[in-house]
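Single-structure report; data block below.
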Amino acid sequence: MKMYAHAVMKEILEDFRVRGSSVDSQPAFYRNIERALDTRRKAQYVIGLKPQGDKERIADFTTCDSLSLSRSGRVREAFLAELASHPGFDLGASGSRVQYGNYDYINEVEQEIADFHGAETAYITQSGFAANVAVLSGVPLPGDAIIYDELVHASMHEGLHLSLAAHKLSFRHNDPDALREVLMELKSAYPAFVEGNKSVLICVETIYSMDGDICPLQELVQVAKEEFPLGNAQFVVDEAHSLGVIGDKGRGLVSLLELEKDIAIRIHVAGKALGSVGGMVLCNKTIRYALLNNSRCIIYSCAPSFPMVASIRVGYQLLMRGETSEAQQKIQDNVNYFYDTITANSFWDVANDSGILSVPLFEDWALRDVQSHIIPLRTPQTFHEQYLFHALISNDLNAYPMAFPVVPKGESRIRLVFHAHNTYEQIDRLVATICNWAREMHEINEGVRENALPSATRLLYEK
């Protein structure tokens, strides 16, 4: 067994170890928690921490470092130079933004970001998660409605829990007709929305983090305009996965579609393509004041530190100067090469037709102008996402399984993320491993093989 696979499996087996009886002597508080965790351990969907492995040897199909700015050291070098040019910076902000923590540098960087994205203003938060929570907890007023795509990120759901909105309704994923139905039902039941006295906030993502599909944003915006001509239906668009990957200089999907004037709020994050950390809310000054007055996670949190803001700034400067354009194109090339290679494999059609694997994004992939860098490999059968994961790590390929509760039951998958630093050789190895595993599973299902478990899984558990 290879060293990385051994290290990962050691952690996983420890995570899955049932521990209820081992804490019998502990206070009831801890026993109760361990019993609840044991339910997940027995079902093999407990979440634990995994080692990173050797970055030079392990092929990365999982990290958020899509432009390779972190791995290459480019953002680190720019960050250190930025700190050196401000030798007197304070390490901490020493207060909330609404008190002492509103320093000149953060305001300058926010305006630079806003100008780059064609927004009136921007507001930096500690993370993209915090940005979504801040917006949904602070912007909707009592009596308002939040309409959200059923697959929006967990951070939006946390914001929903805290929101004062009276109505919180989902619509079928990426379906403009479904959005229209919900909006029409809302207007029919509550005249205040027709009169413009109450507002609707529509929440979507540009690239969905687990499904990898791209939002039909133009169509959704058109529906909202038709149903709410007074302009009291506005969008919150989470661009976490599109920053750096889509649009001119990586500005995102909203910019690519020239919808800057049609989207009230955009959420961008620095912790993915920019290789640093933090979230950015793009909006106008009305929304910014609403955040400052109504969002508790902003009012009662210490402001982002100078080093954090500096790391965001230098990442954006790389985008602004066009220094990431080549990496952005390399992502597109890698995704297209993957599609070409796996669909040309002699066993792919069998794997797909027999229900061993499915990839919804394969449909009409060659007709798209822009590809998502996130591609889920659906494994409909129980625990197959784990079995495929075992095959991948045994071949020094890092792509993690996603199962309930991260994704709905019955929709387990391997989530592939493509980067500028991926090579064609790595993609060839990825495709070969996937299709060889699928062939083995097909033979097991057909009774050709005696063992009920695939070889990589048997080897890992035997060790």
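Identifiers in the structure tokens: chain A, B, ... in order shown; residue index from 1 per chain; ligand index from 1 in order shown.
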Contacts of Val335 (chain A) at 8 Å or less, counting only C-alpha atoms, minus same-chain residues fewer than 3 places along, as a PyMOL selection string?
-> chain A and resi 331-332+338-339+371-373+418
Just to be explicit: take each residue in the selection above, keep all heavy atoms, and write the result as a PDB file, in the first residue's frame.
ATOM      1  N   ILE A 331      -7.415  25.631 -16.817  1.00  0.00           N
ATOM      2  CA  ILE A 331      -8.517  24.903 -16.170  1.00  0.00           C
ATOM      3  C   ILE A 331      -9.513  24.429 -17.216  1.00  0.00           C
ATOM      4  O   ILE A 331      -9.942  23.265 -17.211  1.00  0.00           O
ATOM      5  CB  ILE A 331      -9.215  25.793 -15.123  1.00  0.00           C
ATOM      6  CG1 ILE A 331      -8.267  26.118 -13.970  1.00  0.00           C
ATOM      7  CG2 ILE A 331     -10.475  25.102 -14.590  1.00  0.00           C
ATOM      8  CD1 ILE A 331      -8.803  27.181 -13.023  1.00  0.00           C
ATOM      9  N   GLN A 332      -9.880  25.314 -18.132  1.00  0.00           N
ATOM     10  CA  GLN A 332     -10.818  24.946 -19.192  1.00  0.00           C
ATOM     11  C   GLN A 332     -10.248  23.814 -20.052  1.00  0.00           C
ATOM     12  O   GLN A 332     -10.952  22.859 -20.395  1.00  0.00           O
ATOM     13  CB  GLN A 332     -11.138  26.160 -20.054  1.00  0.00           C
ATOM     14  CG  GLN A 332     -11.903  27.266 -19.340  1.00  0.00           C
ATOM     15  CD  GLN A 332     -13.301  26.835 -18.923  1.00  0.00           C
ATOM     16  OE1 GLN A 332     -14.086  26.353 -19.740  1.00  0.00           O
ATOM     17  NE2 GLN A 332     -13.620  26.997 -17.652  1.00  0.00           N
ATOM     18  N   PHE A 338     -10.425  16.037 -19.846  1.00  0.00           N
ATOM     19  CA  PHE A 338     -11.038  14.975 -19.045  1.00  0.00           C
ATOM     20  C   PHE A 338     -12.281  14.435 -19.733  1.00  0.00           C
ATOM     21  O   PHE A 338     -12.464  13.213 -19.847  1.00  0.00           O
ATOM     22  CB  PHE A 338     -11.390  15.499 -17.660  1.00  0.00           C
ATOM     23  CG  PHE A 338     -12.219  14.544 -16.840  1.00  0.00           C
ATOM     24  CD1 PHE A 338     -11.634  13.424 -16.255  1.00  0.00           C
ATOM     25  CD2 PHE A 338     -13.581  14.745 -16.669  1.00  0.00           C
ATOM     26  CE1 PHE A 338     -12.400  12.536 -15.506  1.00  0.00           C
ATOM     27  CE2 PHE A 338     -14.344  13.870 -15.926  1.00  0.00           C
ATOM     28  CZ  PHE A 338     -13.756  12.756 -15.347  1.00  0.00           C
ATOM     29  N   TYR A 339     -13.162  15.329 -20.169  1.00  0.00           N
ATOM     30  CA  TYR A 339     -14.369  14.887 -20.862  1.00  0.00           C
ATOM     31  C   TYR A 339     -14.025  14.068 -22.105  1.00  0.00           C
ATOM     32  O   TYR A 339     -14.610  13.004 -22.354  1.00  0.00           O
ATOM     33  CB  TYR A 339     -15.214  16.093 -21.275  1.00  0.00           C
ATOM     34  CG  TYR A 339     -16.019  16.726 -20.162  1.00  0.00           C
ATOM     35  CD1 TYR A 339     -16.134  18.113 -20.061  1.00  0.00           C
ATOM     36  CD2 TYR A 339     -16.689  15.954 -19.223  1.00  0.00           C
ATOM     37  CE1 TYR A 339     -16.887  18.704 -19.060  1.00  0.00           C
ATOM     38  CE2 TYR A 339     -17.439  16.539 -18.217  1.00  0.00           C
ATOM     39  CZ  TYR A 339     -17.538  17.918 -18.138  1.00  0.00           C
ATOM     40  OH  TYR A 339     -18.282  18.496 -17.144  1.00  0.00           O
ATOM     41  N   GLN A 371     -16.772  25.831 -19.130  1.00  0.00           N
ATOM     42  CA  GLN A 371     -16.927  24.619 -18.327  1.00  0.00           C
ATOM     43  C   GLN A 371     -16.754  24.927 -16.844  1.00  0.00           C
ATOM     44  O   GLN A 371     -15.942  25.774 -16.463  1.00  0.00           O
ATOM     45  CB  GLN A 371     -15.881  23.562 -18.730  1.00  0.00           C
ATOM     46  CG  GLN A 371     -15.886  23.171 -20.186  1.00  0.00           C
ATOM     47  CD  GLN A 371     -17.095  22.322 -20.570  1.00  0.00           C
ATOM     48  OE1 GLN A 371     -17.972  22.057 -19.753  1.00  0.00           O
ATOM     49  NE2 GLN A 371     -17.134  21.895 -21.817  1.00  0.00           N
ATOM     50  N   SER A 372     -17.514  24.243 -16.035  1.00  0.00           N
ATOM     51  CA  SER A 372     -17.286  24.254 -14.591  1.00  0.00           C
ATOM     52  C   SER A 372     -16.079  23.390 -14.274  1.00  0.00           C
ATOM     53  O   SER A 372     -15.854  22.354 -14.902  1.00  0.00           O
ATOM     54  CB  SER A 372     -18.512  23.712 -13.860  1.00  0.00           C
ATOM     55  OG  SER A 372     -18.210  23.438 -12.506  1.00  0.00           O
ATOM     56  N   HIS A 373     -15.294  23.820 -13.305  1.00  0.00           N
ATOM     57  CA  HIS A 373     -14.112  23.045 -12.902  1.00  0.00           C
ATOM     58  C   HIS A 373     -14.450  21.981 -11.859  1.00  0.00           C
ATOM     59  O   HIS A 373     -13.576  21.234 -11.428  1.00  0.00           O
ATOM     60  CB  HIS A 373     -13.032  23.967 -12.353  1.00  0.00           C
ATOM     61  CG  HIS A 373     -13.462  24.768 -11.154  1.00  0.00           C
ATOM     62  ND1 HIS A 373     -14.557  25.605 -11.154  1.00  0.00           N
ATOM     63  CD2 HIS A 373     -12.949  24.856  -9.895  1.00  0.00           C
ATOM     64  CE1 HIS A 373     -14.687  26.172  -9.976  1.00  0.00           C
ATOM     65  NE2 HIS A 373     -13.732  25.730  -9.185  1.00  0.00           N
ATOM     66  N   PHE A 418     -10.906  20.432 -10.812  1.00  0.00           N
ATOM     67  CA  PHE A 418      -9.772  20.567 -11.718  1.00  0.00           C
ATOM     68  C   PHE A 418      -9.088  21.919 -11.510  1.00  0.00           C
ATOM     69  O   PHE A 418      -9.734  22.926 -11.214  1.00  0.00           O
ATOM     70  CB  PHE A 418     -10.232  20.405 -13.171  1.00  0.00           C
ATOM     71  CG  PHE A 418     -10.627  18.991 -13.492  1.00  0.00           C
ATOM     72  CD1 PHE A 418     -11.897  18.532 -13.196  1.00  0.00           C
ATOM     73  CD2 PHE A 418      -9.709  18.116 -14.053  1.00  0.00           C
ATOM     74  CE1 PHE A 418     -12.262  17.224 -13.469  1.00  0.00           C
ATOM     75  CE2 PHE A 418     -10.052  16.804 -14.323  1.00  0.00           C
ATOM     76  CZ  PHE A 418     -11.335  16.350 -14.032  1.00  0.00           C
TER      77      PHE A 418
END
Give me the residues within 6 Å of region 236-239 of chain A as an NGL selection string, counting only C-alpha atoms and dropping any in the same chain fewer than 5 places off.
-> :A and (202-206 or 265-268)
Extract the full set of strand (DSSP E) residues from region 142-380 of chain A according to DSSP on the backbone, and format it as number ranges by chain.
-> A: 145-149, 167-171, 200-205, 233-238, 265-269, 279-283, 374-378
Which neighbours of Lys249 (chain A) fall inside 9 Å, counting only C-alpha atoms, when residues of the same chain fewer than 2 positions from it are skipped, and could you give them as a list of chain:residue names?
-> A:Gly244, A:Val245, A:Ile246, A:Gly247, A:Arg251, A:Gly252, A:Leu319, A:Met320, A:Arg321, A:Gly322, A:Glu323, A:Thr324, A:Ser325, A:Gln328
Those same residues, written as a PDB file, in the first residue's frame with N, CA, C and O atoms?
ATOM      1  N   GLY A 244     -12.198  34.008 -10.359  1.00  0.00           N
ATOM      2  CA  GLY A 244     -10.927  33.513 -10.862  1.00  0.00           C
ATOM      3  C   GLY A 244     -11.049  32.467 -11.948  1.00  0.00           C
ATOM      4  O   GLY A 244     -10.085  32.199 -12.667  1.00  0.00           O
ATOM      5  N   VAL A 245     -12.234  31.873 -12.087  1.00  0.00           N
ATOM      6  CA  VAL A 245     -12.418  30.746 -13.007  1.00  0.00           C
ATOM      7  C   VAL A 245     -13.240  31.142 -14.233  1.00  0.00           C
ATOM      8  O   VAL A 245     -12.994  30.652 -15.333  1.00  0.00           O
ATOM      9  N   ILE A 246     -14.216  32.030 -14.051  1.00  0.00           N
ATOM     10  CA  ILE A 246     -15.140  32.401 -15.124  1.00  0.00           C
ATOM     11  C   ILE A 246     -15.092  33.907 -15.343  1.00  0.00           C
ATOM     12  O   ILE A 246     -14.947  34.684 -14.398  1.00  0.00           O
ATOM     13  N   GLY A 247     -15.224  34.314 -16.603  1.00  0.00           N
ATOM     14  CA  GLY A 247     -15.321  35.727 -16.931  1.00  0.00           C
ATOM     15  C   GLY A 247     -13.988  36.377 -17.206  1.00  0.00           C
ATOM     16  O   GLY A 247     -12.917  35.818 -16.932  1.00  0.00           O
ATOM     17  N   ARG A 251     -13.568  37.589 -13.252  1.00  0.00           N
ATOM     18  CA  ARG A 251     -14.499  38.417 -12.469  1.00  0.00           C
ATOM     19  C   ARG A 251     -15.736  37.645 -12.017  1.00  0.00           C
ATOM     20  O   ARG A 251     -16.438  38.081 -11.120  1.00  0.00           O
ATOM     21  N   GLY A 252     -16.056  36.532 -12.667  1.00  0.00           N
ATOM     22  CA  GLY A 252     -17.203  35.741 -12.256  1.00  0.00           C
ATOM     23  C   GLY A 252     -18.305  35.723 -13.304  1.00  0.00           C
ATOM     24  O   GLY A 252     -18.231  36.391 -14.354  1.00  0.00           O
ATOM     25  N   LEU A 319      -5.307  39.016 -10.432  1.00  0.00           N
ATOM     26  CA  LEU A 319      -6.408  38.979 -11.395  1.00  0.00           C
ATOM     27  C   LEU A 319      -6.438  40.259 -12.226  1.00  0.00           C
ATOM     28  O   LEU A 319      -6.549  40.211 -13.467  1.00  0.00           O
ATOM     29  N   MET A 320      -6.345  41.386 -11.555  1.00  0.00           N
ATOM     30  CA  MET A 320      -6.467  42.677 -12.229  1.00  0.00           C
ATOM     31  C   MET A 320      -5.406  42.876 -13.297  1.00  0.00           C
ATOM     32  O   MET A 320      -5.677  43.465 -14.354  1.00  0.00           O
ATOM     33  N   ARG A 321      -4.211  42.391 -13.040  1.00  0.00           N
ATOM     34  CA  ARG A 321      -3.110  42.548 -13.995  1.00  0.00           C
ATOM     35  C   ARG A 321      -3.137  41.497 -15.101  1.00  0.00           C
ATOM     36  O   ARG A 321      -2.261  41.479 -15.969  1.00  0.00           O
ATOM     37  N   GLY A 322      -4.118  40.613 -15.061  1.00  0.00           N
ATOM     38  CA  GLY A 322      -4.212  39.577 -16.083  1.00  0.00           C
ATOM     39  C   GLY A 322      -3.204  38.456 -15.920  1.00  0.00           C
ATOM     40  O   GLY A 322      -3.012  37.650 -16.841  1.00  0.00           O
ATOM     41  N   GLU A 323      -2.587  38.355 -14.753  1.00  0.00           N
ATOM     42  CA  GLU A 323      -1.535  37.360 -14.541  1.00  0.00           C
ATOM     43  C   GLU A 323      -2.080  35.968 -14.263  1.00  0.00           C
ATOM     44  O   GLU A 323      -1.304  35.014 -14.142  1.00  0.00           O
ATOM     45  N   THR A 324      -3.394  35.833 -14.157  1.00  0.00           N
ATOM     46  CA  THR A 324      -3.988  34.514 -13.940  1.00  0.00           C
ATOM     47  C   THR A 324      -4.754  34.018 -15.169  1.00  0.00           C
ATOM     48  O   THR A 324      -5.357  32.954 -15.129  1.00  0.00           O
ATOM     49  N   SER A 325      -4.733  34.782 -16.244  1.00  0.00           N
ATOM     50  CA  SER A 325      -5.517  34.415 -17.428  1.00  0.00           C
ATOM     51  C   SER A 325      -5.063  33.086 -18.019  1.00  0.00           C
ATOM     52  O   SER A 325      -5.887  32.271 -18.464  1.00  0.00           O
ATOM     53  N   GLN A 328      -6.362  30.370 -15.856  1.00  0.00           N
ATOM     54  CA  GLN A 328      -7.806  30.249 -16.059  1.00  0.00           C
ATOM     55  C   GLN A 328      -8.110  29.426 -17.303  1.00  0.00           C
ATOM     56  O   GLN A 328      -8.994  28.559 -17.287  1.00  0.00           O
TER      57      GLN A 328
END
Show me, as CSV, the residues of region 227-283 of chain A having an atom within 12 Å of region 60-84 of chain A, each with the closest atom pair and its distance in Å, using only C-alpha atoms.
residue,atom,partner,partner_atom,distance
A:Ala240,CA,A:Cys64,CA,10.1
A:His241,CA,A:Cys64,CA,8.4
A:Ser242,CA,A:Ser66,CA,10.0
A:Leu243,CA,A:Ser66,CA,9.8
A:Gly244,CA,A:Leu67,CA,7.1
A:Val245,CA,A:Ser66,CA,7.6
A:Ile246,CA,A:Leu67,CA,11.3
A:Lys249,CA,A:Leu67,CA,11.7
A:Gly250,CA,A:Leu67,CA,10.0
A:Val269,CA,A:Cys64,CA,10.9
A:Ala270,CA,A:Cys64,CA,10.2
A:Gly271,CA,A:Cys64,CA,7.5
A:Lys272,CA,A:Cys64,CA,4.6
A:Ala273,CA,A:Ser66,CA,5.0
A:Leu274,CA,A:Leu69,CA,6.5
A:Gly275,CA,A:Ser70,CA,4.8
A:Ser276,CA,A:Ser70,CA,7.5
A:Val277,CA,A:Ser70,CA,11.0
Selected residues written out, N, CA and C atoms, as a short mmCIF file (atom, residue, chain, number, x, y, z; two decimals), in the first residue's frame:
data_model
loop_
_atom_site.label_atom_id
_atom_site.label_comp_id
_atom_site.auth_asym_id
_atom_site.auth_seq_id
_atom_site.Cartn_x
_atom_site.Cartn_y
_atom_site.Cartn_z
N ALA A 240 -18.74 32.08 -5.08
CA ALA A 240 -17.58 31.50 -4.42
C ALA A 240 -16.70 30.70 -5.37
N HIS A 241 -17.32 29.90 -6.24
CA HIS A 241 -16.54 29.01 -7.11
C HIS A 241 -16.28 29.59 -8.49
N SER A 242 -16.84 30.75 -8.81
CA SER A 242 -16.62 31.32 -10.14
C SER A 242 -15.54 32.38 -10.16
N LEU A 243 -15.23 32.99 -9.00
CA LEU A 243 -14.17 33.99 -8.95
C LEU A 243 -12.84 33.37 -9.39
N GLY A 244 -12.20 34.01 -10.36
CA GLY A 244 -10.93 33.51 -10.86
C GLY A 244 -11.05 32.47 -11.95
N VAL A 245 -12.23 31.87 -12.09
CA VAL A 245 -12.42 30.75 -13.01
C VAL A 245 -13.24 31.14 -14.23
N ILE A 246 -14.22 32.03 -14.05
CA ILE A 246 -15.14 32.40 -15.12
C ILE A 246 -15.09 33.91 -15.34
N LYS A 249 -10.76 38.12 -16.83
CA LYS A 249 -9.85 38.20 -15.68
C LYS A 249 -10.43 37.54 -14.43
N GLY A 250 -11.35 36.59 -14.64
CA GLY A 250 -11.91 35.84 -13.51
C GLY A 250 -12.89 36.61 -12.67
N VAL A 269 -15.37 34.98 -2.56
CA VAL A 269 -14.51 34.48 -1.49
C VAL A 269 -13.07 34.45 -1.95
N ALA A 270 -12.16 34.64 -1.01
CA ALA A 270 -10.72 34.61 -1.31
C ALA A 270 -10.10 33.26 -1.01
N GLY A 271 -10.85 32.39 -0.34
CA GLY A 271 -10.28 31.12 0.12
C GLY A 271 -10.23 30.03 -0.92
N LYS A 272 -10.63 30.33 -2.15
CA LYS A 272 -10.60 29.33 -3.20
C LYS A 272 -9.56 29.75 -4.25
N ALA A 273 -9.99 30.33 -5.36
CA ALA A 273 -9.07 30.65 -6.45
C ALA A 273 -7.97 31.62 -6.03
N LEU A 274 -8.24 32.54 -5.10
CA LEU A 274 -7.25 33.54 -4.72
C LEU A 274 -6.19 33.00 -3.77
N GLY A 275 -6.42 31.83 -3.20
CA GLY A 275 -5.39 31.19 -2.38
C GLY A 275 -5.16 31.84 -1.04
N SER A 276 -6.15 32.57 -0.52
CA SER A 276 -5.97 33.19 0.80
C SER A 276 -7.19 32.88 1.66
N VAL A 277 -7.80 33.89 2.27
CA VAL A 277 -8.96 33.64 3.12
C VAL A 277 -9.80 34.91 3.21
#
Residues of region 249-338 of chain A in helix (DSSP H, G or I) according to DSSP, as JSON, numbers by chain?
-> {"A": [249, 250, 253, 254, 255, 256, 260, 261, 262, 285, 286, 287, 288, 289, 290, 291, 292, 293, 294, 296, 297, 298, 299, 306, 307, 308, 309, 310, 311, 312, 313, 314, 315, 316, 317, 318, 319, 320, 325, 326, 327, 328, 329, 330, 331, 332, 333, 334, 335, 336, 337, 338]}
Residues at most 12 Å from Leu259 (chain A), counting only C-alpha atoms, excluding those fewer than 4 positions away in the same chain, as an NGL selection string?
-> :A and (117-119 or 217-222 or 235 or 237 or 247 or 251-255 or 263-266)
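Among A:Asn293, A:Asn422, A:Ser22, A:Thr457, the residue with the shortest atom-to-atom distance to Phe389 (chain A), counting only C-alpha atoms, is A:Thr457.
Distance-wise, CA of Ala303 (chain A) and CA of Asn102 (chain A) end up 7.3 Å apart.
Put simply, CA of Asp248 (chain A) is 17.7 Å away from CA of His419 (chain A).
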Nearest candidate to Leu179 (chain A) (options A:Ile214, A:Met156, A:Val223, A:Leu49; using only C-alpha atoms) | A:Val223
What's the 12 Å shell around region 443-451 of chain A, counting only C-alpha atoms, without same-chain residues fewer than 4 positions away, as a PyMOL selection string?
-> chain A and resi 347+350-351+354-356+381+436-439+455-458
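You can rank A:Tyr100, A:Phe306, A:Tyr289, A:Phe404 by their closest distance to Thr121 (chain A) using only C-alpha atoms, and at the top of that list sits A:Tyr289.
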Just the residues within 9 Å of Leu151 (chain A), please, counting only C-alpha atoms, with nothing from its chain fewer than 4 positions along; format it as a ChimeraX atom specification.
-> /A:170,172-174,204-205,208,210-211
Export all heavy atoms of the chosen residues as a compact mmCIF listing (two decimals), in the first residue's frame?
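Here's the written file out_16.txt:
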# COMPACT_ATOMS: atom_id res chain seq x y z
N SER A 170 -38.16 27.29 -1.10
CA SER A 170 -37.18 26.82 -2.08
C SER A 170 -37.83 26.60 -3.43
O SER A 170 -39.05 26.46 -3.53
CB SER A 170 -36.54 25.52 -1.60
OG SER A 170 -37.49 24.46 -1.58
N ARG A 172 -37.06 24.40 -7.32
CA ARG A 172 -36.34 23.30 -7.93
C ARG A 172 -35.03 23.80 -8.56
O ARG A 172 -34.99 24.83 -9.21
CB ARG A 172 -37.22 22.61 -8.97
CG ARG A 172 -36.83 21.20 -9.33
CD ARG A 172 -37.99 20.46 -9.98
NE ARG A 172 -38.64 21.27 -11.02
CZ ARG A 172 -39.87 21.73 -10.93
NH1 ARG A 172 -40.62 21.48 -9.86
NH2 ARG A 172 -40.41 22.46 -11.90
N HIS A 173 -33.98 23.03 -8.37
CA HIS A 173 -32.63 23.44 -8.74
C HIS A 173 -32.50 23.88 -10.19
O HIS A 173 -32.89 23.16 -11.12
CB HIS A 173 -31.66 22.28 -8.45
CG HIS A 173 -30.25 22.56 -8.87
ND1 HIS A 173 -29.54 23.66 -8.43
CD2 HIS A 173 -29.40 21.88 -9.71
CE1 HIS A 173 -28.34 23.64 -8.95
NE2 HIS A 173 -28.23 22.59 -9.74
N ASN A 174 -31.97 25.10 -10.37
CA ASN A 174 -31.64 25.64 -11.70
C ASN A 174 -32.82 25.63 -12.67
O ASN A 174 -32.63 25.50 -13.88
CB ASN A 174 -30.47 24.87 -12.32
CG ASN A 174 -29.12 25.44 -11.93
OD1 ASN A 174 -29.04 26.45 -11.24
ND2 ASN A 174 -28.05 24.80 -12.37
N VAL A 204 -29.09 32.25 -5.11
CA VAL A 204 -28.55 31.24 -6.01
C VAL A 204 -27.03 31.24 -5.92
O VAL A 204 -26.43 32.15 -5.35
CB VAL A 204 -28.98 31.49 -7.48
CG1 VAL A 204 -30.49 31.40 -7.64
CG2 VAL A 204 -28.47 32.84 -7.98
N GLU A 205 -26.41 30.22 -6.51
CA GLU A 205 -24.97 30.18 -6.68
C GLU A 205 -24.66 30.19 -8.18
O GLU A 205 -25.47 29.76 -8.99
CB GLU A 205 -24.37 28.91 -6.05
CG GLU A 205 -24.61 28.80 -4.56
CD GLU A 205 -24.03 27.52 -3.97
OE1 GLU A 205 -23.03 27.01 -4.50
OE2 GLU A 205 -24.61 27.03 -2.99
N TYR A 208 -22.44 25.51 -8.56
CA TYR A 208 -22.85 24.81 -7.34
C TYR A 208 -21.74 23.87 -6.88
O TYR A 208 -21.20 23.08 -7.66
CB TYR A 208 -24.18 24.10 -7.56
CG TYR A 208 -25.32 25.07 -7.53
CD1 TYR A 208 -25.65 25.81 -8.67
CD2 TYR A 208 -26.01 25.32 -6.36
CE1 TYR A 208 -26.67 26.76 -8.64
CE2 TYR A 208 -27.03 26.27 -6.32
CZ TYR A 208 -27.35 26.98 -7.46
OH TYR A 208 -28.35 27.93 -7.40
N MET A 210 -21.38 21.21 -5.01
CA MET A 210 -21.44 19.75 -5.03
C MET A 210 -21.85 19.19 -6.38
O MET A 210 -21.40 18.13 -6.77
CB MET A 210 -22.42 19.25 -3.96
CG MET A 210 -21.90 19.39 -2.54
SD MET A 210 -20.47 18.34 -2.23
CE MET A 210 -19.28 19.56 -1.72
N ASP A 211 -22.68 19.91 -7.11
CA ASP A 211 -23.15 19.42 -8.42
C ASP A 211 -22.33 19.98 -9.58
O ASP A 211 -22.35 19.42 -10.67
CB ASP A 211 -24.62 19.75 -8.61
CG ASP A 211 -25.51 18.79 -7.87
OD1 ASP A 211 -25.30 18.58 -6.65
OD2 ASP A 211 -26.42 18.21 -8.48
Leaving out Asn32 (chain A) and any residue of its chain fewer than 4 positions from it, which residues lie within 12 Å of it when counting only C-alpha atoms, given as a PyMOL selection string?
-> chain A and resi 19-21+23-24+26-28+36-39
Output the selection as a PDB file, in the first residue's frame - C-alpha atoms for each residue.
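Once everything was written out, this is selection.pdb:
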ATOM      1  CA  ARG A  19     -16.576   4.707  21.011  1.00  0.00           C
ATOM      2  CA  GLY A  20     -19.688   4.694  23.167  1.00  0.00           C
ATOM      3  CA  SER A  21     -18.493   1.997  25.588  1.00  0.00           C
ATOM      4  CA  VAL A  23     -16.464   6.675  27.579  1.00  0.00           C
ATOM      5  CA  ASP A  24     -18.695   4.925  30.138  1.00  0.00           C
ATOM      6  CA  GLN A  26     -17.018   9.988  31.522  1.00  0.00           C
ATOM      7  CA  PRO A  27     -19.743  12.458  32.545  1.00  0.00           C
ATOM      8  CA  ALA A  28     -23.134  11.894  30.919  1.00  0.00           C
ATOM      9  CA  ALA A  36     -24.958  10.391  18.797  1.00  0.00           C
ATOM     10  CA  LEU A  37     -21.648  10.289  16.917  1.00  0.00           C
ATOM     11  CA  ASP A  38     -21.667   6.490  17.035  1.00  0.00           C
ATOM     12  CA  THR A  39     -24.855   6.517  14.977  1.00  0.00           C
TER      13      THR A  39
END
